[in-house]
Structures are given as structure tokens and as C-alpha cells.
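**Student:** File follows, work-v8.txt with compact mmCIF, C-alpha atoms:
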```txt
# COMPACT_ATOMS: atom_id res chain seq x y z
CA MET A 123 -15.49 8.03 6.43
CA GLN A 124 -18.91 9.20 7.46
CA ASN A 125 -21.76 6.78 6.97
CA LYS A 126 -24.02 9.65 5.85
CA ARG A 127 -22.38 9.64 2.46
CA HIS A 128 -24.29 8.00 -0.35
CA ILE A 129 -21.50 6.69 -2.57
CA VAL A 130 -22.90 5.72 -5.97
CA ASN A 131 -20.14 7.10 -8.21
CA ILE A 132 -16.35 7.26 -8.48
CA ALA A 133 -14.48 10.54 -8.92
CA LEU A 134 -10.85 10.49 -10.01
CA ILE A 135 -8.78 13.49 -8.99
CA GLY A 136 -5.09 14.18 -9.36
CA PHE A 137 -2.56 16.07 -11.41
CA MET A 138 -2.47 15.97 -15.20
CA GLY A 139 -0.64 12.94 -16.52
CA THR A 140 -1.54 10.63 -13.65
CA GLY A 141 -3.92 8.57 -15.77
CA LYS A 142 -7.35 9.86 -14.75
CA THR A 143 -8.90 9.68 -18.23
CA SER A 144 -7.46 6.29 -19.21
CA VAL A 145 -8.13 4.72 -15.82
CA GLY A 146 -11.59 6.28 -15.63
CA LYS A 147 -12.63 4.72 -18.93
CA LEU A 148 -11.33 1.31 -17.86
CA VAL A 149 -13.12 1.50 -14.49
CA ALA A 150 -16.39 2.56 -16.13
CA GLU A 151 -16.09 -0.34 -18.55
CA GLN A 152 -15.42 -2.86 -15.76
CA LEU A 153 -18.32 -1.65 -13.59
CA HIS A 154 -20.70 -0.95 -16.51
CA PHE A 155 -20.91 2.68 -15.36
CA ASP A 156 -21.15 5.82 -17.46
CA TYR A 157 -17.96 7.81 -17.96
CA LEU A 158 -17.67 11.60 -17.79
CA ASP A 159 -14.69 13.92 -18.01
CA THR A 160 -15.23 17.38 -16.50
CA ASP A 161 -12.92 19.04 -19.03
CA GLU A 162 -14.79 17.41 -21.93
CA MET A 163 -18.10 18.54 -20.44
CA ILE A 164 -16.83 22.13 -20.25
CA GLN A 165 -15.52 22.02 -23.81
CA SER A 166 -18.82 20.61 -25.05
CA ALA A 167 -20.88 23.23 -23.19
CA THR A 168 -18.77 26.20 -24.29
CA GLY A 169 -17.64 25.08 -27.73
CA LYS A 170 -14.10 26.08 -26.71
CA THR A 171 -11.00 24.15 -25.75
CA ILE A 172 -9.67 24.37 -22.21
CA ALA A 173 -6.62 26.19 -23.58
CA GLU A 174 -8.86 28.78 -25.28
CA ILE A 175 -10.86 29.35 -22.10
CA PHE A 176 -7.66 29.82 -20.08
CA LYS A 177 -6.18 32.17 -22.67
CA ASN A 178 -9.25 34.28 -23.46
CA GLU A 179 -11.32 34.17 -20.27
CA GLY A 180 -8.80 33.32 -17.58
CA GLU A 181 -8.42 30.56 -15.03
CA LYS A 182 -11.01 32.12 -12.69
CA ASN A 183 -13.75 31.76 -15.31
CA PHE A 184 -12.66 28.21 -16.06
CA ARG A 185 -12.86 27.29 -12.34
CA GLU A 186 -16.40 28.70 -12.20
CA LEU A 187 -17.35 26.49 -15.16
CA GLU A 188 -15.82 23.51 -13.33
CA GLU A 189 -17.93 24.17 -10.25
CA LYS A 190 -21.13 24.21 -12.36
CA VAL A 191 -20.19 20.90 -13.98
CA VAL A 192 -19.47 19.29 -10.59
CA GLU A 193 -22.95 20.35 -9.44
CA GLU A 194 -24.51 18.84 -12.58
CA ILE A 195 -22.75 15.53 -11.96
CA SER A 196 -23.98 15.31 -8.36
CA VAL A 197 -27.41 14.02 -9.45
CA ARG A 198 -25.97 11.11 -11.43
CA THR A 199 -25.52 7.51 -10.35
CA LYS A 200 -23.27 4.73 -11.62
CA THR A 201 -20.83 7.20 -13.13
CA VAL A 202 -17.04 7.43 -13.17
CA VAL A 203 -15.87 11.04 -13.34
CA SER A 204 -12.38 12.16 -14.34
CA THR A 205 -11.70 15.69 -13.16
CA GLY A 206 -9.33 18.42 -14.21
CA GLY A 207 -6.14 18.59 -12.16
CA GLY A 208 -7.03 21.82 -10.32
CA LEU A 209 -10.68 20.99 -9.65
CA PRO A 210 -10.27 19.76 -6.03
CA VAL A 211 -8.55 22.99 -4.97
CA ASN A 212 -12.05 24.46 -4.72
CA PRO A 213 -13.42 23.08 -1.42
CA ASN A 214 -16.99 23.18 -2.79
CA ASN A 215 -16.00 20.83 -5.60
CA LEU A 216 -14.43 18.31 -3.25
CA ALA A 217 -17.39 18.45 -0.85
CA THR A 218 -19.87 17.96 -3.69
CA LEU A 219 -17.90 15.03 -5.10
CA LYS A 220 -17.63 13.40 -1.67
CA SER A 221 -21.40 13.65 -1.21
CA HIS A 222 -21.99 11.01 -3.92
CA ALA A 223 -18.65 9.53 -4.98
CA LEU A 224 -15.68 7.61 -3.72
CA VAL A 225 -12.93 10.15 -4.40
CA VAL A 226 -9.74 8.50 -5.61
CA CYS A 227 -6.58 10.52 -6.16
CA LEU A 228 -4.13 9.19 -8.74
CA TRP A 229 -0.60 10.25 -7.86
CA ALA A 230 2.80 10.38 -9.59
CA SER A 231 6.08 12.21 -9.08
CA PRO A 232 6.80 15.48 -10.93
CA GLU A 233 9.43 13.65 -13.01
CA LYS A 234 7.01 10.91 -14.09
CA ILE A 235 4.31 13.47 -14.85
CA TRP A 236 6.72 15.47 -17.03
CA GLU A 237 7.75 12.29 -18.85
CA ARG A 238 4.09 11.55 -19.61
CA VAL A 239 2.92 15.05 -20.66
CA LYS A 240 5.96 16.75 -22.21
CA ASN A 241 4.75 16.16 -25.79
CA GLN A 242 1.14 17.23 -25.19
CA SER A 243 0.45 20.73 -26.48
CA HIS A 244 -3.17 20.88 -25.20
CA ARG A 245 -2.09 21.39 -21.57
CA PRO A 246 -2.44 25.15 -20.89
CA LEU A 247 -0.55 25.06 -17.61
CA LEU A 248 2.53 23.72 -19.40
CA HIS A 249 2.86 26.79 -21.61
CA ASP A 250 5.51 28.12 -19.26
CA GLU A 251 9.19 28.95 -19.62
CA ASN A 252 10.09 26.13 -17.25
CA PRO A 253 7.27 23.55 -17.40
CA GLN A 254 9.04 21.06 -15.12
CA GLN A 255 9.33 23.70 -12.39
CA LYS A 256 5.68 24.66 -12.98
CA ILE A 257 4.67 21.02 -12.46
CA ARG A 258 6.62 20.85 -9.18
CA GLU A 259 5.07 24.12 -7.94
CA LEU A 260 1.51 23.20 -8.88
CA LEU A 261 1.83 19.68 -7.51
CA ALA A 262 3.13 21.03 -4.20
CA ALA A 263 0.32 23.60 -4.02
CA ARG A 264 -2.37 21.03 -4.84
CA GLU A 265 -1.02 18.19 -2.71
CA PRO A 266 -2.98 19.14 0.45
CA PHE A 267 -6.22 19.03 -1.57
CA TYR A 268 -5.33 15.77 -3.29
CA LYS A 269 -4.64 14.20 0.11
CA LYS A 270 -8.28 14.82 1.09
CA ALA A 271 -9.31 12.04 -1.28
CA ASP A 272 -10.75 8.84 0.19
CA VAL A 273 -8.05 6.78 -1.53
CA LEU A 274 -4.61 7.74 -2.86
CA LEU A 275 -3.07 5.51 -5.54
CA ASN A 276 0.44 5.88 -6.89
CA THR A 277 0.35 5.24 -10.63
CA GLU A 278 4.08 5.21 -11.34
CA LEU A 279 4.84 1.49 -11.11
CA ARG A 280 1.42 0.13 -12.08
CA SER A 281 -0.10 -0.36 -15.52
CA LEU A 282 -3.32 1.49 -16.30
CA ARG A 283 -5.19 -1.80 -15.98
CA GLU A 284 -3.69 -2.45 -12.52
CA VAL A 285 -4.64 1.04 -11.35
CA ALA A 286 -8.17 0.54 -12.71
CA GLN A 287 -8.46 -2.81 -10.90
CA GLN A 288 -7.36 -1.15 -7.66
CA VAL A 289 -9.99 1.61 -8.08
CA VAL A 290 -12.70 -1.00 -8.70
CA HIS A 291 -11.51 -2.96 -5.67
CA GLN A 292 -11.63 0.13 -3.43
CA PHE A 293 -15.12 1.01 -4.70
CA ARG A 294 -16.38 -2.51 -4.02
CA LEU A 295 -14.86 -2.46 -0.53
CA GLU A 296 -16.58 0.83 0.20
CA SER A 297 -19.88 -0.40 -1.22
CA ALA A 298 -19.70 -3.53 0.95
CA ARG A 299 -19.20 -1.37 4.05
CA ARG A 300 -22.46 0.51 3.44
```
Show the structure stored in the file as C-alpha cells.
**Tutor:**
Amino acid sequence: MQNKRHIVNIALIGFMGTGKTSVGKLVAEQLHFDYLDTDEMIQSATGKTIAEIFKNEGEKNFRELEEKVVEEISVRTKTVVSTGGGLPVNPNNLATLKSHALVVCLWASPEKIWERVKNQSHRPLLHDENPQQKIRELLAAREPFYKKADVLLNTELRSLREVAQQVVHQFRLESARR
């Protein structure tokens, strides 16, 4: 990693169902940081759900809203940010996050993700004839972007608390290096 980076935050990226929200809240609590969720910020700013934005305005518009939110977050300190699953596909988003945050990707297999999200109706990308195939396709397409994270953590065999502890540990290691 470049020493020019000023890492004062943590950004969690990864596919839906990998634990970003739950882990993010635990990490923020442990470090006494603020917690933000990019999807929640978009919903709050627009007064619409993510599913409504996707349906009525399209994914392109949603991705533009994401980029604005990522810019807003860049001025914060001591913040844990959970991002939407597709957010790091935009290279500007990843570059902005890396300018101020340790970027941690939470990872799980398509099977484990399906097991975790199959009963959640608020996931617009799962409104597909074959949601399991959609998960595999999206995960494969996003994998190269997820692998650009500073840290990759598999969440399949760890509890949420264990994953959170590992994120805190990685952040403290990085902070000690600087």
C-alpha cells in the first residue's frame, strides 16, 4: 500500500449477504466510530427505497447516486462505511474510498450468499427468474473489483463477531504502520 494514503476510516465492500451491515455496526461499536451505510444514505436523501430507484429510475441513476454519496463520505473521519454490493465496480468509488479508508472486502460463496438472502424481498437484483444463477453471474463479474480491496475476509466459517474482530485487527495493524 502507498504511504500517501491517509487512512482514517474503514469501508466494507462485498456482495450482498456477506455481512457488511452487521459487521460494520459491530466494528463501529468496537472502535467508537460512526457508522454509515451508503444504501441507507441514498434512501434517506431520495425518500425512496433502493428497489424503487432501480425499478423507476434504473441502475444507472442509482450508481450515480452512489458516487455522490461516496464523495460526501470522503470528508469524514472515524467512520465505518458499509457499501452496496455493486459500488466498487465504479473505479472512482474505489479510488475515493481508498483515499481515506482501509477497504475490506467481505467474501462468501454463491451458495452461502443464497442461503443468507433467499428470504429477503428488498434485494432488487434477486428479482430474477433464476436468482441463484444471477448471484453467480454478478459475483463473477464483480470479483475483480472486490479483489482490489486492501483486505479480503471470507465470512463463511466465522461468526459476525469474529469477522468484526478481524476487521478491527487489520485496521489497527494498518494504523500502526503509518
**Student:** Find the spatial neighbours of Arg258 in chain A, counting only C-alpha atoms, within a cut-off of 7 Å - ignore same-chain residues fewer than 4 positions away - and output them as a list in words.
**Tutor:**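 Those residues are Pro232, Gln254 and Ala262 of chain A.
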**Student:** With distances taken over only C-alpha atoms, which of A:Ser196, A:Thr201, A:Gln255, A:Ser231 is nearest to Leu216 in chain A?
**Tutor:**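 The shortest atom-to-atom distance to Leu216 in chain A comes from A:Ser196.
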**Student:** List the neighbours of Arg283 in chain A out to 10 Å using all atoms listed in the file; skip same-chain residues closer than 2 positions along the sequence, and give me the result as an MDAnalysis selection string.
**Tutor:** chainID A and resid 144:145 148:149 280:281 285:289
**Student:** May I have the selected residues written with C-alpha atoms, as a PDB file, in the frame of the given file?
**Tutor:**
```
ATOM      1  CA  SER A 144      -7.460   6.290 -19.210  1.00  0.00           C
ATOM      2  CA  VAL A 145      -8.130   4.720 -15.820  1.00  0.00           C
ATOM      3  CA  LEU A 148     -11.330   1.310 -17.860  1.00  0.00           C
ATOM      4  CA  VAL A 149     -13.120   1.500 -14.490  1.00  0.00           C
ATOM      5  CA  ARG A 280       1.420   0.130 -12.080  1.00  0.00           C
ATOM      6  CA  SER A 281      -0.100  -0.360 -15.520  1.00  0.00           C
ATOM      7  CA  VAL A 285      -4.640   1.040 -11.350  1.00  0.00           C
ATOM      8  CA  ALA A 286      -8.170   0.540 -12.710  1.00  0.00           C
ATOM      9  CA  GLN A 287      -8.460  -2.810 -10.900  1.00  0.00           C
ATOM     10  CA  GLN A 288      -7.360  -1.150  -7.660  1.00  0.00           C
ATOM     11  CA  VAL A 289      -9.990   1.610  -8.080  1.00  0.00           C
TER      12      VAL A 289
END
```
**Student:** Of the candidates A:Asn241, A:Thr160, A:Ser297, A:Ser204, which one gets nearest to Ile172 in chain A if we count all atoms listed in the file?
**Tutor:**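 The shortest atom-to-atom distance to Ile172 in chain A comes from A:Thr160.
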**Student:** Do you know which residues are at most 10 Å from Leu153 in chain A counting only C-alpha atoms, after dropping those on the same chain fewer than 3 positions away, and could you put them as a ChimeraX atom specification?
**Tutor:** /A:148-150,156,200-202,290,293-294
**Student:** For the atom pair CA of Asp250 in chain A and CA of Arg264 in chain A, what is the interatomic distance in Å to one decimal place?
**Tutor:**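 A separation of 17.9 Å between them.
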**Student:** For the atom pair CA of Cys227 in chain A and CA of Lys182 in chain A, what is the interatomic distance in Å to one decimal place?
**Tutor:** 23.0 Å
**Student:** Counting all atoms listed in the file, which residue out of A:Val239, A:Ala298, A:Met163, A:Ala271 sits closest to Met138 in chain A?
**Tutor:**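 Among the listed residues, the smallest separation from Met138 in chain A belongs to A:Val239.
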**Student:** Using Å and a single decimal, report how far CA of Tyr157 in chain A sits from CA of His222 in chain A.
**Tutor:** 15.0 Å
**Student:** For Gly207 in chain A, which of A:Glu188, A:Glu284, A:Glu296, A:Glu174 is the closest residue, counting all atoms listed in the file?
**Tutor:**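 Of the candidates, the smallest distance to Gly207 in chain A is held by A:Glu188.
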**Student:** I'd like to know which of A:Ile195, A:Leu274, A:Leu295, A:Ala173 is closest to Gln242 in chain A, using all atoms listed in the file.
**Tutor:**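 Checking each candidate against Gln242 in chain A, we get A:Ala173 as the closest.
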